There are 4 protein chains.
Amino acid sequence: MQFFSDNATPVCPSVMAAIAAADREDHGYDGDAWTARLDGAFSDLFGAPAKAMWVSTGTAANSIALACLCPPYGGVVAQEEAHIAVDECGAPAFFTHGASLMTLPGEGGKLPPEAVRERVEAIRPDVHQIPARAISITNATEYGLAYTPDEVAALGAVANDHGLGFHMDGARFANAVAHLGCHPGDVTWRAGVDALSFGCVKNGGMVGEALVFFGAQAEARAAEAERWRKRSGHLFSKGRYLAAQLLAMLEDGLWLANARAANAAARALAESANGRLMHPVQANELFLRLTAAEAASLRARGFGFHDWGEGAARIVTNWSQDAAGVAPLADALRALG
Amino acid sequence: MQFFSDNATPVCPSVMAAIAAADREDHGYDGDAWTARLDGAFSDLFGAPAKAMWVSTGTAANSIALACLCPPYGGVVAQEEAHIAVDECGAPAFFTHGASLMTLPGEGGKLPPEAVRERVEAIRPDVHQIPARAISITNATEYGLAYTPDEVAALGAVANDHGLGFHMDGARFANAVAHLGCHPGDVTWRAGVDALSFGCVKNGGMVGEALVFFGAQAEARAAEAERWRKRSGHLFSKGRYLAAQLLAMLEDGLWLANARAANAAARALAESANGRLMHPVQANELFLRLTAAEAASLRARGFGFHDWGEGAARIVTNWSQDAAGVAPLADALRALG
Amino acid sequence: MQFFSDNATPVCPSVMAAIAAADREDHGYDGDAWTARLDGAFSDLFGAPAKAMWVSTGTAANSIALACLCPPYGGVVAQEEAHIAVDECGAPAFFTHGASLMTLPGEGGKLPPEAVRERVEAIRPDVHQIPARAISITNATEYGLAYTPDEVAALGAVANDHGLGFHMDGARFANAVAHLGCHPGDVTWRAGVDALSFGCVKNGGMVGEALVFFGAQAEARAAEAERWRKRSGHLFSKGRYLAAQLLAMLEDGLWLANARAANAAARALAESANGRLMHPVQANELFLRLTAAEAASLRARGFGFHDWGEGAARIVTNWSQDAAGVAPLADALRALG
Amino acid sequence: MQFFSDNATPVCPSVMAAIAAADREDHGYDGDAWTARLDGAFSDLFGAPAKAMWVSTGTAANSIALACLCPPYGGVVAQEEAHIAVDECGAPAFFTHGASLMTLPGEGGKLPPEAVRERVEAIRPDVHQIPARAISITNATEYGLAYTPDEVAALGAVANDHGLGFHMDGARFANAVAHLGCHPGDVTWRAGVDALSFGCVKNGGMVGEALVFFGAQAEARAAEAERWRKRSGHLFSKGRYLAAQLLAMLEDGLWLANARAANAAARALAESANGRLMHPVQANELFLRLTAAEAASLRARGFGFHDWGEGAARIVTNWSQDAAGVAPLADALRALG
């Protein structure tokens with residue numbers, strides 16, 4: 001049983017069915033019937049006018065979003081362990097033509113609003129220093145914590161006060177919302193978010209995420225984003241297969257159902273490993289203190305997962321699991337004491 | 001019956017089956033079992049050591065190839081109607097960080113070797129002028145013509161004489177080889193090609209092309225290309241679904257069988273429209289002189305295709321068709337006289 | 001006597017005196033008293049509100065201007081022999097992050113307005129093609145011809161109709177205006193020019209050109225340009241020495257006086273070589289048909305100049321010459337017959 | 001008496017004389033007699049084969065050096081207060097096409113070798129993380145401390161062990177060497193430095209610094225650097241005026257004499273303000289604890305300087321001063337108690 005990452009699971013059956021249903025001739029690129037429905041579907045989901053486009057990967061979604069929010073000479077404030085900072089080989093700098101990541105520490109992967117404000121206000125307004133132009137946060141964070149609506153809004157207020165764009169990397173947005181139980185608008189546009197990378201692949205998709213723009217500038221930014229998508233080689237000729245996956249995710253709340261299953265699995269494991277938790281378990285990731293011997297013993301029993309530095313491990317659950325399904329690992333963890 | 005483009009057809013059944021067969025957990029990104037087989041499969045196909053990687057689109061494949069062959073201050077010689085020059089919104093400039101396209105006219109989309117040589121030799125070697133560093137050709141060309149092994153080799157000789165990288169955009173490589181009846185190595189590495197964008201999507205794939213490097217620098221360039229693939233957001237986390245498509249294409253010669261079907265369909269149409277042809281029909285595209293009235297009459301009968309300037313049309317056949325399947329359009333064309 | 005280029009002459013005495021006069025402590029970068037006077041001095045010169053900044057070279061001025069007028073995915077229409085296209089090693093692509101030069105042929109280095117209009121209108125508005133976003137012309141052209149106010153205005157009208165920025169490379173702007181006898185505003189802002197590279201080095205300066213913005217967006221573009229100037233390493237810490245040169249140029253019409261001297265020298269030579277002229281002589285350049293033997297005989301007598309392809313030569317006069325001063329070459333040319 | 005910065009002083013007389021002596025016609029760009037002497041002059045100075053080129057500013061020198069040492073997807077390790085990190089508006093990212101600055105804390109502006117080693121070794125070698133490719137240090141540091149030969153060599157060893165390029169920002173290199181009393185080769189090529197930005201403007205020049213490459217790759221990197229210099233608009237047409245300044249600096253040890261004067265002035269001030277020093281005074285900068293009232297009282301007496309955060313000030317001496325010349329400020333500081 002594998003807990004390496006939610007990014008390598010099979011595709012969930014409804015998404016696979018949607019792919020099969022899209023297997024007929026249509027217009028190429030983004031001219032097909034599925035793509036045409038995206039704006040509406042995401043506007044409905046978020047309860048506000050939104051512009052939505054399929055993008056092939058989370059890295060592309062994040063980078064294109066930032067390219068629309070930040071000029072080449074600007075800076076993007078982010079938590080120092082954010083995916084954009086440590087796991088994208090500089091993709092944001094590539095797409096923005098050299099914008100700088102201004103990283104800050106933050107408990108559990110969260111960006112502290114007051115630290116952001118201080119950092120931004122310490123920048124001299126002359127041409128010698130890089131001006132902050134955007135904030136980017138990850139929800140759920142890289143440590144599996146969900147920003148609450150209030151927490152997002154506090155950062156949104158900083159963004160608003162300083163004229164910064166506000167981006168949310170939602171590779172595990174569904175897991176965050178499933179935990180919070182709030183309306184998806186509460187942690188996005190209502191809290192000041194301008195652009196959201198809405199993850200699907202980790203939540204049961206095959207390829208394709210959604211990039212969603214909110215607010216008064218949504219239309220203009222989406223038009224810009226379409227240029228970047230083409231120019232970066234991300235405009236698929238058979239785009240309908242991506243659009244169909246996104247639509248399948250939204251239909252009947254599949255995105256939330258999948259996330260709830262993964263979260264439930266994580267909660268079940270957390271209960272069995274209570275004393276070992278390095279972070280609260282809110283989404284579908286557990287970070288555990290685990291000795292090398294303990295890790296080896298779990299692996300010997302067929303459980304796969306990544307080490308997380310020395311004496312620690314990361315366990316990621318996914319849409320295809322649930323509390324019952326992960327019982328063998330839960331038992332094994334409990335047995336470790 | 002649609003003849004708009006081969007880039008929007010359904011996925012061919014063997015490829016779809018391969019996608020389904022890849023629908024099980026494996027390592028993420030490029031760490032899976034399918035991806036691991038690509039180098040071998042393409043080396044076998046081409047009869048020479050090759051490094052092959054999946055890339056999401058033809059634009060990405062072309063651009064990443066050029067980024068590995070040409071520095072930011074260099075130039076890429078290409079035919080003026082090449083896809084990289086007119087239909088990629090400047091993607092090659094994005095990936096190369098500003099390299100210049102040095103475009104030349106050429107009959108039927110082909111780049112004339114002597115014109116390339118002249119162009120390259122006219123550049124002063126000082127720092128004021130952009131040095132040519134690569135040649136890029138499309139095979140089959142944008143007008144559906146196939147470069148013969150000798151024609152490619154003549155350009156390869158120019159590349160070799162001047163230390164230029166040599167790239168081939170093979171969005172319809174299969175159609176070219178199917179027409180030529182040669183070994184795929186004859187129009188690539190044996191003729192001096194360093195990097196090939198090996199098209200799959202137009203030939204029955206869903207998403208994903210192969211970028212193939214040949215020659216002594218293949219290893220180093222592929223390592224560089226892997227950086228660009230990640231940095232540009234093209235490293236899919238479920239890359240196995242792309243690798244599986246490519247492998248399916250190579251298995252039992254599917255790539256050639258599909259291309260032969262499309263070519264046969266095009267030939268059948270060409271025979272019915274002989275007097276109207278603006279270019280010889282070698283691959284799966286026809287460019288026809290067609291009055292507005294004639295075009296309208298064909299459309300009225302349900303045939304879809306693009307105009308190609310005034311008084312002309314482009315008709316593209318695809319893997320799902322064959323000579324018999326396009327008989328209705330053949331008859332209609334013949335009836336036009 | 002050297003006629004290689006006007007870009008390597010000594011500095012004219014008034015400019016050298018201005019440099020000496022700036023040799024006292026002041027604020028660094030662009031905070032000094034000289035720099036503070038630039039906006040006013042150029043606004044006075046052009047008879048309209050202008051934002052002016054010193055820039056180190058013509059290449060930098062041109063590139064920064066284009067970076068302010070054209071996005072990375074856009075195109076700049078220019079004559080195919082323009083300095084930005086053939087002699088700047090891709091600097092415009094570097095500063096614009098990959099914008100494309102859309103080059104057109106044109107007699108005498110001039111860009112024909114109707115050809116520009118056609119080229120721009122032929123671009124499909126979809127995301128696959130690069131949209132034209134700016135026009136750039138050189139006045140006087142690379143062949144020493146001056147655009148008249150009407151000619152500039154005709155291009156300005158195209159720019160206006162299609163929402164394009166309009167840039168003028170004025171490396172030899174003074175020579176053009178000296179020939180035309182018009183107000184400098186007539187061939188710039190009154191004709192729709194948004195940004196002017198105002199040349200000084202070829203006209204007697206040491207280092208430093210002016211980049212001048214006109215019109216409603218001047219302020220915003222200049223602010224953007226200041227970012228690019230810093231980011232590209234062009235913000236000198238002792239900027240006052242550059243500002244002082246520009247101010248010296250404008251004082252008492254030195255810029256025009258210098259250009260008139262150079263033009264007069266060119267005219268004198270033109271009269272002696274009438275039958276050999278390949279282009280009308282309007283500014284300070286002559287392009288002559290000259291056999292290899294004739295060129296050798298002139299060089300033997302101590303006249304230095306560049307060949308211009310086979311059987312032709314380019315002769316450039318400069319601010320330090322005048323009709324009388326170039327009499328020896330004039331005589332020698334006349335003697336050739 | 002101004003102590004704002006050494007970057008805004010007058011030009012020292014020998015340099016001004018050299019400019020005047022260069023005021024005659026010669027070949028343009030880098031084809032003149034002065035430029036031709038640079039490689040030899042710097043090779044002599046450093047006691048090793050060196051390639052040297054004039055560059056207009058320190059920002060340009062730093063950025064071009066880094067562009068030659070680090071690919072777009074690579075990282076440059078630097079101290080977090082380095083000029084390249086905080087005062088160049090992202091110029092290194094512009095020239096390297098997006099390379100990342102990996103900043104580390106370090107006492108007095110110095111980069112601790114062991115911290116660099118740890119940072120570099122913590123990077124996973126996969127394509128997801130940005131690989132370190134270069135180290136950049138400032139000597140003297142932004143806090144006026146000089147790296148000793150051993151300290152540089154310790155960093156050079158890390159660079160060597162990990163295949164990193166090694167750059168030194170020597171905006172105040174002369175002040176460092178004047179303090180150390182060592183051979184300039186001891187803190188550069190003998191300690192593993194590949195590229196040095198050799199500062200002149202702060203040391204009495206007008207415009208122009210030298211970019212110097214050492215070692216086996218010097219030739220190739222310098223050729224690359226010449227492309228970047230042109231492409232970034234830094235190739236002056238009257239380059240001889242820059243070359244002449246650099247040569248004047250090297251002649252008769254002017255660079256060291258000027259630095260010694262500035263250092264002596266700083267030392268004299270340091271002795272008067274001993275209890276207030278925040279860093280040892282080794283070069284020509286003093287960082288002092290100073291209350292707002294004290295600062296105001298000094299300013300009231302005509303001394304100009306920058307605050308350095310709250311309760312602190314920065315005082316910079318320069319080539320035109322010496323111990324005697326700064327006596328008034330020394331007295332005033334002493335009087336503050």
# chains A, B, ... in the order shown; residues from 1 in each chain; ligands from 1
>>> select_by_dssp(residues="range 60-262 of chain D", states="helix (DSSP H, G or I)", output="number ranges by chain")
D: 60-69, 83-86, 91-96, 107-109, 113-121, 149-162, 173-180, 184-187, 189-191, 201-203, 218-231, 240-262
>>> select_by_dssp(residues="range 154-298 of chain B", states="strand (DSSP E)", output="list in words")
Gly165, Phe166, His167, Met168, Asp169, Gly170, Ala195, Leu196, Ser197, Phe198, Glu209, Ala210, Leu211, Val212, Phe213, Phe214, Glu285, Leu286, Phe287, Leu288 and Arg289 of chain B
>>> interface_residues(of="chain D", to="chain B", cutoff="7 Å", atoms="only C-alpha atoms", output="list in words")
His97, Val127, His128, Glu226, Arg227 and Lys230 of chain D
>>> residues_around(residues="range 214-220 of chain A", least_positions_apart="2", cutoff="8 Å", atoms="only C-alpha atoms", output="list of chain:residue names")
A:Ala48, A:Pro49, A:Ala50, A:Lys51, A:Trp189, A:Val193, A:Asp194, A:Ala195, A:Val212, A:Ala222, A:Ala223, A:Glu224
>>> residues_around(residues="Leu336 in chain A", least_positions_apart="6", cutoff="10 Å", atoms="only C-alpha atoms", output="number ranges by chain")
A: 272-273, 290, 294-295, 297-298
>>> residues_around(residues="range 141-146 of chain B", least_positions_apart="4", cutoff="8 Å", atoms="only C-alpha atoms", output="JSON, numbers by chain")
{"B": [81, 82, 83, 108, 109, 110, 137, 176, 177, 179, 180, 279, 280, 281, 282, 283, 284, 285, 286, 287]}
>>> residues_around(residues="range 323-326 of chain A", least_positions_apart="6", cutoff="7 Å", atoms="only C-alpha atoms", output="count of residues only")
3
>>> residues_around(residues="Val77 in chain B", least_positions_apart="4", cutoff="12 Å", atoms="only C-alpha atoms", output="MDAnalysis selection string")
chainID B and resid 66 69:70 81:82 84:85 99:106 110:113 115:120 130:138 155 158:159 164:168
